[in-house]
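Inspection log for the structure reproduced underneath, given as structure tokens.
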Amino acid sequence: MIVNANVRMGDIELRTPLLTGSGTFGYGSEFEDLTDYSALGGIVTKSLSFEPRAGNPPPRICETSSGGIINSIGLANVGIEEFLGSKVNELPLDKTEVFLSVVGDSVEDFTKVVERLEDVERIAGYELNVSCPNVKRGGLSLGGDREAVTAIVREVRALTKRFISVKLTPHYTLIAPVAQAAVDAGADALTLINTLVGMEINAETRKPLLGNITGGYSGPPLKPVALAKVWQAAQVVDVPIWASGGIVNGIDAIEFLLTGATALQVGSVLFADPKAPTRILNEMIQYCERHNVDSFTDLIGGLRT
Ligand SMILES: Cc1cc2nc3c(=O)[nH]c(=O)nc-3n(C[C@H](O)[C@H](O)[C@H](O)COP(=O)(O)O)c2cc1C
């Protein structure tokens with residue numbers, strides 16, 4: 001049986017629902033020889049800010065005793081000038097759909113970056129990172145503030161016809177009102193979720209493992225939190241949801257489709273296994289064959305409650 005792996009989001013058709021999560025796949029070129037792009041519907045690039053950012057002091061990444069990893073990269077990135085000067089030429093535009101992730105500390109930061117990116121041709125869309133927990137200014141407070149999310153999305157919407165997904169933090173008591181606010185302001189999709197704030201220490205040395213002390217917790221332990229947020233948001237919005245959080249195998253991916261996601265981001269798993277998208281896609285297809293499902297699209301929102 002042939003399983004149809006395509007998923008549609010408005011005018012955009014992804015050849016598979018698998019995307020790479022921002023910050024886990026660089027600008028694409030870094031993984032060129034390691035990953036088979038045919039398994040990917042698209043990539044989301046490292047979050048880009050207007051000014052270059054040096055990021056946090058090392059160590060910036062550690063494993064945890066409860067599984068998963070914590071990173072405190074601190075949104076280190078080259079900034080818009082260098083991106084347009086060099087990185088832009090590395091984007092794998094011939095191989096897959098490219099979504100550019102944008103981050104900022106203010107509404108104006110977001111609009112200044114998107115204004116410049118509008119000249120880059122063949123980009124499928126943007127992911128607005130209003131949620132990164134590592135940034136001391138803005139970051140959480142921006143993502144946690146419904147008015148701020150509304151203002152960012154509304155202003156960016158006014159600048160572009162391109163597809164916009166808004167990436168939300170899990171650190172809300174209720175996700176539904178912020179999800180609704182982002183969609184009301186013009187978001188075409190929502191990405192759920194970004195990392196949880198976490199920390200790990202060494203009791204012997206009494207020192208934190210990360211230079212920044214706290215960071216963003218990701219990997220398998222995030223999955224139940226992400227499933228709940230995707231489910232809660234799917235109850236109130238009609239736009240496609242991009243799931244992010246703890247996907248390491250095909251069954252994880254299927255669980256997110258059933259819960260209401262249309263696209264699925266793989267992140268931390270890429271550090272251990274850059275070929276994970278191919279394996280995950282094959283496992284998803286095997287699930288469909290076992291359950292006589294013709295198309296991934298048929299699984300979206302299929303949870304029996
Ligand atoms: C090292 C690292 C860097 C990340 N950088 C970004 C980033 O720049 N922008 C962003 O929106 N998310 C960033 N993330 C979050 C991931 O895109 C993803 O949402 C999160 O890791 C949860 O998915 P996972 O459990 O599959 O890793 C980063 C994650 C990791 C592990």
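Chain identifiers are assigned as A, B, and so on, following the order in which chains appear in the structure tokens; residues are numbered from 1 within each chain, and ligands are numbered from 1 in order of appearance.
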
Given only C-alpha atoms and all ligand atoms, how would the per-residue table for chain A near ligand 1 read, listing every residue at most 6 Å away with its closest atom pair and distance in Å to one decimal, sorted by chain and number, as a Markdown table?
```
| residue | atom | partner | partner_atom_place_in_ligand_line | distance |
| --- | --- | --- | --- | --- |
| A:Gly21 | CA | ligand 1 | 17 (O) | 3.8 |
| A:Ser22 | CA | ligand 1 | 17 (O) | 3.9 |
| A:Gly23 | CA | ligand 1 | 5 (N) | 3.4 |
| A:Thr24 | CA | ligand 1 | 2 (C) | 5.3 |
| A:Lys46 | CA | ligand 1 | 8 (O) | 4.6 |
| A:Ser47 | CA | ligand 1 | 8 (O) | 4.1 |
| A:Asn71 | CA | ligand 1 | 1 (C) | 5.3 |
| A:Leu75 | CA | ligand 1 | 8 (O) | 5.1 |
| A:Asn129 | CA | ligand 1 | 11 (O) | 4.8 |
| A:Ile193 | CA | ligand 1 | 19 (O) | 5.8 |
| A:Asn194 | CA | ligand 1 | 19 (O) | 4.0 |
| A:Thr195 | CA | ligand 1 | 20 (C) | 4.9 |
| A:Ser218 | CA | ligand 1 | 25 (O) | 4.1 |
| A:Gly219 | CA | ligand 1 | 25 (O) | 3.4 |
| A:Pro220 | CA | ligand 1 | 25 (O) | 5.9 |
| A:Leu222 | CA | ligand 1 | 25 (O) | 5.9 |
| A:Ser244 | CA | ligand 1 | 23 (O) | 4.6 |
| A:Gly245 | CA | ligand 1 | 23 (O) | 3.6 |
| A:Gly246 | CA | ligand 1 | 25 (O) | 3.6 |
| A:Ile247 | CA | ligand 1 | 26 (O) | 5.1 |
| A:Val266 | CA | ligand 1 | 26 (O) | 4.6 |
| A:Gly267 | CA | ligand 1 | 26 (O) | 3.6 |
| A:Ser268 | CA | ligand 1 | 27 (O) | 3.6 |
```

Within 8 Å of Ile152 of chain A, counting only C-alpha atoms, which residues qualify if same-chain residues fewer than 6 places away don't, as a ChimeraX atom specification? /A:106-107,110-111

Requested write-out: C-alpha atoms of the selected residues, as a PDB file, in the first residue's frame:
```pdb
ATOM      1  CA  SER A 106      10.491  44.259  20.705  1.00  0.00           C
ATOM      2  CA  VAL A 107       7.860  44.592  18.000  1.00  0.00           C
ATOM      3  CA  PHE A 110      10.723  41.674  14.483  1.00  0.00           C
ATOM      4  CA  THR A 111       9.518  44.063  11.807  1.00  0.00           C
TER       5      THR A 111
END
```

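For the choices A:Leu19, A:Ala179, A:Ala203, A:Ala5, the atom-to-atom distance to Gln265 of chain A is smallest for A:Leu19 when using only C-alpha atoms.
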
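Distance check against Val166 of chain A using only C-alpha atoms: of A:Glu115, A:Asp11, A:Glu81, A:Asp188, the minimum falls on A:Asp188.
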
If you run DSSP over the backbone, which residues in segment 114-304 of chain A end up strand (DSSP E)? Put them as a ChimeraX atom specification.
-> /A:125-129,163-168,189-192,196-199,201-202,207-208,214-218,241-244,263-266

Could you save those same residues with C-alpha atoms as a PDB file, in the first residue's frame?
```pdb
ATOM      1  CA  GLY A 125       7.512  31.690   5.251  1.00  0.00           C
ATOM      2  CA  TYR A 126       8.520  32.764   8.714  1.00  0.00           C
ATOM      3  CA  GLU A 127       8.381  31.347  12.200  1.00  0.00           C
ATOM      4  CA  LEU A 128       8.199  34.106  14.810  1.00  0.00           C
ATOM      5  CA  ASN A 129       9.970  33.020  17.968  1.00  0.00           C
ATOM      6  CA  PHE A 163       3.155  32.115   5.627  1.00  0.00           C
ATOM      7  CA  ILE A 164       3.647  32.983   9.310  1.00  0.00           C
ATOM      8  CA  SER A 165       3.816  30.502  12.162  1.00  0.00           C
ATOM      9  CA  VAL A 166       4.046  31.846  15.698  1.00  0.00           C
ATOM     10  CA  LYS A 167       6.112  29.769  18.119  1.00  0.00           C
ATOM     11  CA  LEU A 168       4.731  29.898  21.631  1.00  0.00           C
ATOM     12  CA  ALA A 189      -0.047  28.510  11.962  1.00  0.00           C
ATOM     13  CA  LEU A 190       1.175  27.999  15.516  1.00  0.00           C
ATOM     14  CA  THR A 191       4.308  26.181  16.599  1.00  0.00           C
ATOM     15  CA  LEU A 192       3.913  24.451  19.953  1.00  0.00           C
ATOM     16  CA  LEU A 196      10.800  24.595  29.137  1.00  0.00           C
ATOM     17  CA  VAL A 197      13.094  26.505  31.502  1.00  0.00           C
ATOM     18  CA  GLY A 198      15.292  23.989  33.294  1.00  0.00           C
ATOM     19  CA  MET A 199      18.584  23.588  35.113  1.00  0.00           C
ATOM     20  CA  ILE A 201      23.577  20.885  38.841  1.00  0.00           C
ATOM     21  CA  ASN A 202      26.431  18.702  40.044  1.00  0.00           C
ATOM     22  CA  LYS A 207      28.101  23.902  40.538  1.00  0.00           C
ATOM     23  CA  PRO A 208      25.526  24.372  37.793  1.00  0.00           C
ATOM     24  CA  THR A 214      19.358  27.880  33.542  1.00  0.00           C
ATOM     25  CA  GLY A 215      18.494  26.983  29.965  1.00  0.00           C
ATOM     26  CA  GLY A 216      15.890  25.478  27.667  1.00  0.00           C
ATOM     27  CA  TYR A 217      14.936  21.878  28.420  1.00  0.00           C
ATOM     28  CA  SER A 218      14.178  19.735  25.365  1.00  0.00           C
ATOM     29  CA  ILE A 241      -0.347  23.445  14.351  1.00  0.00           C
ATOM     30  CA  TRP A 242       3.344  22.596  14.085  1.00  0.00           C
ATOM     31  CA  ALA A 243       4.249  20.316  16.976  1.00  0.00           C
ATOM     32  CA  SER A 244       7.650  20.571  18.630  1.00  0.00           C
ATOM     33  CA  ALA A 263       3.432  19.345  10.843  1.00  0.00           C
ATOM     34  CA  LEU A 264       5.998  17.864  13.186  1.00  0.00           C
ATOM     35  CA  GLN A 265       9.327  19.349  14.139  1.00  0.00           C
ATOM     36  CA  VAL A 266      12.307  17.214  15.029  1.00  0.00           C
TER      37      VAL A 266
END
```

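Compared by their closest atoms to Gly42 of chain A, and using only C-alpha atoms, the residues A:Ile12, A:Ile300, A:Ile61, A:Val3 rank with A:Ile12 nearest.
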
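If you measure from each of A:Cys288, A:Ser295, A:Glu118, A:Arg304 to Arg8 of chain A using only C-alpha atoms, the closest one turns out to be A:Ser295.
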
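Using only C-alpha atoms, the nearest neighbour of Glu289 of chain A within the list A:Arg157, A:Gly74, A:Met1, A:Ile251 is A:Met1.
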
From atom CA of Arg146 of chain A to atom CA of Thr173 of chain A the spacing works out at 12.4 Å

Exercise. Write down as a PyMOL selection string the residues of segment 131-196 of chain A whose backbone DSSP state falls under helix (DSSP H, G or I).
Key: chain A and resi 140-144+146-159+176-184

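Between Ala158 of chain A and the residues A:Leu257, A:Val114, A:Leu303, A:Ile123, the shortest atom-to-atom distance, using only C-alpha atoms, involves A:Val114.
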
Hey, what's within 6 Å of Thr35 of chain A if we count only C-alpha atoms and toss same-chain stuff fewer than 4 positions away? As an mmCIF file with C-alpha atoms, in the first residue's frame, please?
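Result file selection_36.cif:
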```
data_model
loop_
_atom_site.group_PDB
_atom_site.id
_atom_site.type_symbol
_atom_site.label_atom_id
_atom_site.label_comp_id
_atom_site.auth_asym_id
_atom_site.auth_seq_id
_atom_site.Cartn_x
_atom_site.Cartn_y
_atom_site.Cartn_z
ATOM 1 C CA PHE A 31 23.599 18.926 7.586
ATOM 2 C CA PRO A 274 21.102 13.422 11.997
ATOM 3 C CA LYS A 275 19.390 10.773 9.878
#
```

Set the distance at 12 Å and use only C-alpha atoms: which residues neighbour Tyr172 of chain A once local chain neighbours fewer than 2 positions away are removed? I'd like the list as a PDB file with C-alpha atoms, in the first residue's frame.
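So selection14.pdb came out as:
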```pdb
ATOM      1  CA  SER A 131       9.032  32.395  23.234  1.00  0.00           C
ATOM      2  CA  LEU A 140       9.436  35.036  28.083  1.00  0.00           C
ATOM      3  CA  SER A 141       7.753  38.278  28.911  1.00  0.00           C
ATOM      4  CA  LEU A 142       7.133  38.967  25.215  1.00  0.00           C
ATOM      5  CA  GLY A 143       5.745  35.475  24.653  1.00  0.00           C
ATOM      6  CA  GLY A 144       3.763  35.525  27.857  1.00  0.00           C
ATOM      7  CA  ASP A 145       2.065  38.791  27.131  1.00  0.00           C
ATOM      8  CA  ARG A 146      -1.005  38.452  24.955  1.00  0.00           C
ATOM      9  CA  LEU A 168       4.731  29.898  21.631  1.00  0.00           C
ATOM     10  CA  THR A 169       6.283  29.108  24.972  1.00  0.00           C
ATOM     11  CA  PRO A 170       4.786  26.364  27.168  1.00  0.00           C
ATOM     12  CA  LEU A 174      -3.492  28.650  29.736  1.00  0.00           C
ATOM     13  CA  ILE A 175      -2.309  28.314  26.140  1.00  0.00           C
ATOM     14  CA  ALA A 176      -5.715  28.868  24.515  1.00  0.00           C
ATOM     15  CA  PRO A 177      -6.014  32.671  24.956  1.00  0.00           C
ATOM     16  CA  VAL A 178      -2.510  33.325  23.562  1.00  0.00           C
ATOM     17  CA  ALA A 179      -3.031  30.863  20.719  1.00  0.00           C
ATOM     18  CA  LEU A 192       3.913  24.451  19.953  1.00  0.00           C
ATOM     19  CA  ILE A 193       6.074  24.322  21.997  1.00  0.00           C
ATOM     20  CA  ASN A 194       9.425  25.922  22.643  1.00  0.00           C
ATOM     21  CA  LEU A 196      10.800  24.595  29.137  1.00  0.00           C
ATOM     22  CA  VAL A 225       3.742  18.793  27.873  1.00  0.00           C
ATOM     23  CA  LYS A 229      -0.486  22.210  24.576  1.00  0.00           C
ATOM     24  CA  GLN A 232      -5.531  22.509  24.093  1.00  0.00           C
ATOM     25  CA  ALA A 233      -4.708  24.877  21.228  1.00  0.00           C
TER      26      ALA A 233
END
```

What's the 8 Å shell around Gly186 of chain A, counting only C-alpha atoms, without same-chain residues fewer than 2 positions away, as a ChimeraX atom specification?
/A:153-154,157,182-184,188

Mind writing the picked residues with C-alpha atoms as an mmCIF file, in the first residue's frame?
```cif
data_model
loop_
_atom_site.group_PDB
_atom_site.id
_atom_site.type_symbol
_atom_site.label_atom_id
_atom_site.label_comp_id
_atom_site.auth_asym_id
_atom_site.auth_seq_id
_atom_site.Cartn_x
_atom_site.Cartn_y
_atom_site.Cartn_z
ATOM 1 C CA VAL A 153 1.996 39.263 14.735
ATOM 2 C CA ARG A 154 -0.188 42.147 13.549
ATOM 3 C CA ARG A 157 1.342 40.391 9.051
ATOM 4 C CA ALA A 182 -1.894 35.019 17.644
ATOM 5 C CA VAL A 183 -4.436 33.686 15.142
ATOM 6 C CA ASP A 184 -6.710 36.731 15.489
ATOM 7 C CA ASP A 188 -1.281 31.172 9.559
#
```

Shell around Thr259 of chain A at 9 Å using only C-alpha atoms, local window under 5 positions removed, as an MDAnalysis selection string:
chainID A and resid 227:228 230:231 234 254 299:303

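For the atom pair formed by atom CA of Thr262 of chain A and atom CA of Lys223 of chain A, the distance is 16.0 Å, given to one decimal.
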